Amino acid sequence: MENNMYERKQKENMPVLAICYDFDRTLSPNDMQAQGYIQEVGYNVDDFWKETNKLSQNNDMDQNLAYMYKMVEKARGKFVFNKSALEEYGSRVKLFPGVEEWFERIRKYGKEHGVIVEHYIISCGLKEMIDGTSVAKSGAFEKIYASSFYYDKDGVALWPAQVINYTNKTQFLFRISKGILNVNDQGVNDSFSSEEIRVPFRNMVYIGDSDTDVPCMKLVNSYGGHSIGVYNAETNDKTRIHKMMRENRIRYYMPADYRDGTELDILLKAIIDKTATNEVLEKIYTKCKNETCEADKLSSEDEKKTLDLIMALENSNSFATTHMLIKDLQQYNNWSDKNKEALFKIACENSQVACILKDNDVKRFYKKLLEDFHEKSQYAEIVSKKL
């Protein structure tokens, strides 16, 4: 793969488990904008969202672009709408129980069990506000993918720099899988062999709470990963979660309680355990597959075909199949002594072959093998006597 200006993550010696999170109502009980910003621009929370939704509908506008526009508009004359202001609002965002300690604890558990655990945010919320949270400041996340603004030289927001909605969230799963994290790196479209993939989808977890997470959940599920729905234990509203479960969007659901020993904690540790075991099996499979590929390179097409026919004859369980296979085998000459011995063994141990050994076609085939076989072997002697 060509080198370029973007730094890419390389495949590790240990398996990597990527845990991807939505933010609002997944790590936090409410929308991040509703935890200080909306109130300070003098709006009722419900009225603010109704107005942004109306703007979106009336102008065929992306809903996220609509709320970003409204945030800039409503802040005008009240405060400078810049990055530091948004980060300050982010610092006020409330988190679900246990979130503060969760990321490092799960990383540590993974390390102790031979798995590298990485945490990623894929959110329709604002990156600047997520950056202001205590967990982001502590370095909890490998990468935060979220909507964000472009700022002028004075740091004032001018224009959307990145807009993430439920349909384009999935691209970031592919970036994480391939280790191509920069949003401008076109290498995400390059073809990767299964051995080159840094984080196979089977080693991916997606945690979310609503319909905006469905495309990511469906993608992760389809490739053997783990999709988890969470709900607020205080409200105990499972309506969306049950809908996602019925529609096979998620495999598990539980309260958004990230404390040690909770259902979610136990589930993630079980997934880490499974990842460690499964990757041992995958390494063995890859070794066998690569060895077979190397062996195939050393064999001609005729050698491959004759080996396939010998194995088919060994497993033949009908006279008709045996006659058909003998006919195919008669097309080949220059048998190695090893292959001849295998064919003699089949004639002794496969009842279907043994029973029709004196049929003209089978007899002719084995007599020809004996004529050119100069080794004295137990199976060759048995076949010789039967003929």
# chains A, B, ... in the order shown; residues from 1 in each chain; ligands from 1
$ residues_around --residues "segment 225-241 of chain A" --least-positions-apart "5" --cutoff "10 Å" --atoms "only C-alpha atoms" --output "ChimeraX atom specification"
/A:17,19-21,25-30,96,200-211,213-214,216-220,246-257,264,267-268,271
$ residues_around --residues "His113 of chain A" --least-positions-apart "5" --cutoff "9 Å" --atoms "only C-alpha atoms" --output "number ranges by chain"
A: 108, 272-273, 276
$ select_by_dssp --residues "segment 166-291 of chain A" --states "alpha helix (DSSP H)" --output "PyMOL selection string"
chain A and resi 170-178+214-222+239-246+263-291
$ closest_atom_pairs --of "segment 44-138 of chain A" --to "segment 149-169 of chain A" --cutoff "6 Å" --atoms "only C-alpha atoms" --output "Markdown table"
| residue | atom | partner | partner_atom | distance |
| --- | --- | --- | --- | --- |
| A:Phe81 | CA | A:Val156 | CA | 5.8 |
| A:Asn82 | CA | A:Val156 | CA | 4.4 |
| A:Cys124 | CA | A:Ile164 | CA | 5.1 |
$ residues_around --residues "segment 341-357 of chain A" --least-positions-apart "3" --cutoff "9 Å" --atoms "only C-alpha atoms" --output "list in words"
Ile310, Leu313, Glu314, Asn315, Ser316, Asn317, Ser318, Phe319, Thr322, His323, Ser336, Asp337, Lys338, Asn360, Asp361, Val362, Lys363, Tyr366, Leu369, Phe373, Ser377, Gln378, Tyr379, Ala380, Glu381, Ile382, Val383, Lys386 and Leu387 of chain A
$ write_last_selection --atoms "C-alpha atoms" --output "mmCIF file, in the first residue's frame"
data_model
loop_
_atom_site.group_PDB
_atom_site.id
_atom_site.type_symbol
_atom_site.label_atom_id
_atom_site.label_comp_id
_atom_site.auth_asym_id
_atom_site.auth_seq_id
_atom_site.Cartn_x
_atom_site.Cartn_y
_atom_site.Cartn_z
ATOM 1 C CA ILE A 310 -7.987 -39.599 -4.210
ATOM 2 C CA LEU A 313 -12.459 -41.975 -3.625
ATOM 3 C CA GLU A 314 -11.492 -42.440 0.014
ATOM 4 C CA ASN A 315 -14.877 -41.021 1.042
ATOM 5 C CA SER A 316 -16.949 -42.693 -1.683
ATOM 6 C CA ASN A 317 -20.061 -44.330 -0.282
ATOM 7 C CA SER A 318 -21.734 -45.684 -3.419
ATOM 8 C CA PHE A 319 -20.756 -47.974 -6.279
ATOM 9 C CA THR A 322 -16.709 -45.138 -7.144
ATOM 10 C CA HIS A 323 -16.978 -46.077 -10.839
ATOM 11 C CA SER A 336 3.940 -41.024 -7.275
ATOM 12 C CA ASP A 337 4.600 -44.022 -5.032
ATOM 13 C CA LYS A 338 2.998 -42.103 -2.179
ATOM 14 C CA ASN A 360 -13.389 -54.441 -15.279
ATOM 15 C CA ASP A 361 -12.716 -50.708 -14.954
ATOM 16 C CA VAL A 362 -11.565 -50.885 -11.327
ATOM 17 C CA LYS A 363 -9.483 -54.000 -11.953
ATOM 18 C CA TYR A 366 -5.384 -51.124 -10.110
ATOM 19 C CA LEU A 369 -0.849 -49.184 -10.720
ATOM 20 C CA PHE A 373 4.792 -50.082 -8.345
ATOM 21 C CA SER A 377 3.875 -52.845 0.825
ATOM 22 C CA GLN A 378 1.153 -54.473 2.866
ATOM 23 C CA TYR A 379 -1.692 -52.823 0.956
ATOM 24 C CA ALA A 380 -0.191 -53.489 -2.496
ATOM 25 C CA GLU A 381 0.160 -57.208 -1.616
ATOM 26 C CA ILE A 382 -3.466 -57.418 -0.492
ATOM 27 C CA VAL A 383 -4.744 -55.779 -3.680
ATOM 28 C CA LYS A 386 -7.512 -59.952 -4.627
ATOM 29 C CA LEU A 387 -7.043 -59.227 -8.323
#
$ closest_residue --among "A:Glu7, A:Glu195, A:Glu375, A:Asp47" --to "Ile180 of chain A" --atoms "only C-alpha atoms"
A:Glu7
$ atom_distance --atom1 "atom CA of Ser222 of chain A" --atom2 "atom CA of Thr292 of chain A"
28.2 Å
$ atom_distance --atom1 "atom CA of Arg198 of chain A" --atom2 "atom CA of Ser138 of chain A"
25.0 Å
$ select_by_dssp --residues "segment 210-338 of chain A" --states "strand (DSSP E or B)" --output "MDAnalysis selection string"
chainID A and resid 226:231 252:255
$ residues_around --residues "Thr306 of chain A" --least-positions-apart "6" --cutoff "9 Å" --atoms "only C-alpha atoms" --output "list in words"
Asp328, Leu329, Tyr332 and Asn339 of chain A
$ residues_around --residues "segment 286-288 of chain A" --least-positions-apart "6" --cutoff "12 Å" --atoms "only C-alpha atoms" --output "VMD selection string"
chain A and resid 193 to 196 279 to 280 294 to 295
$ write_last_selection --atoms "C-alpha atoms" --output "compact mmCIF listing (two decimals), in the first residue's frame"
# COMPACT_ATOMS: atom_id res chain seq x y z
CA SER A 193 -6.96 -8.82 2.67
CA SER A 194 -8.45 -10.38 5.80
CA GLU A 195 -4.92 -10.78 7.22
CA GLU A 196 -4.23 -7.03 6.77
CA GLU A 279 -8.28 -14.88 17.98
CA VAL A 280 -6.23 -17.90 19.06
CA GLU A 294 2.20 -22.34 -0.06
CA ALA A 295 1.70 -26.05 -0.74
$ atom_distance --atom1 "atom CA of Gly98 of chain A" --atom2 "atom CA of Phe172 of chain A"
25.9 Å
$ closest_residue --among "A:Lys304, A:Lys127, A:Arg76, A:Lys70" --to "Ser148 of chain A" --atoms "only C-alpha atoms"
A:Lys127
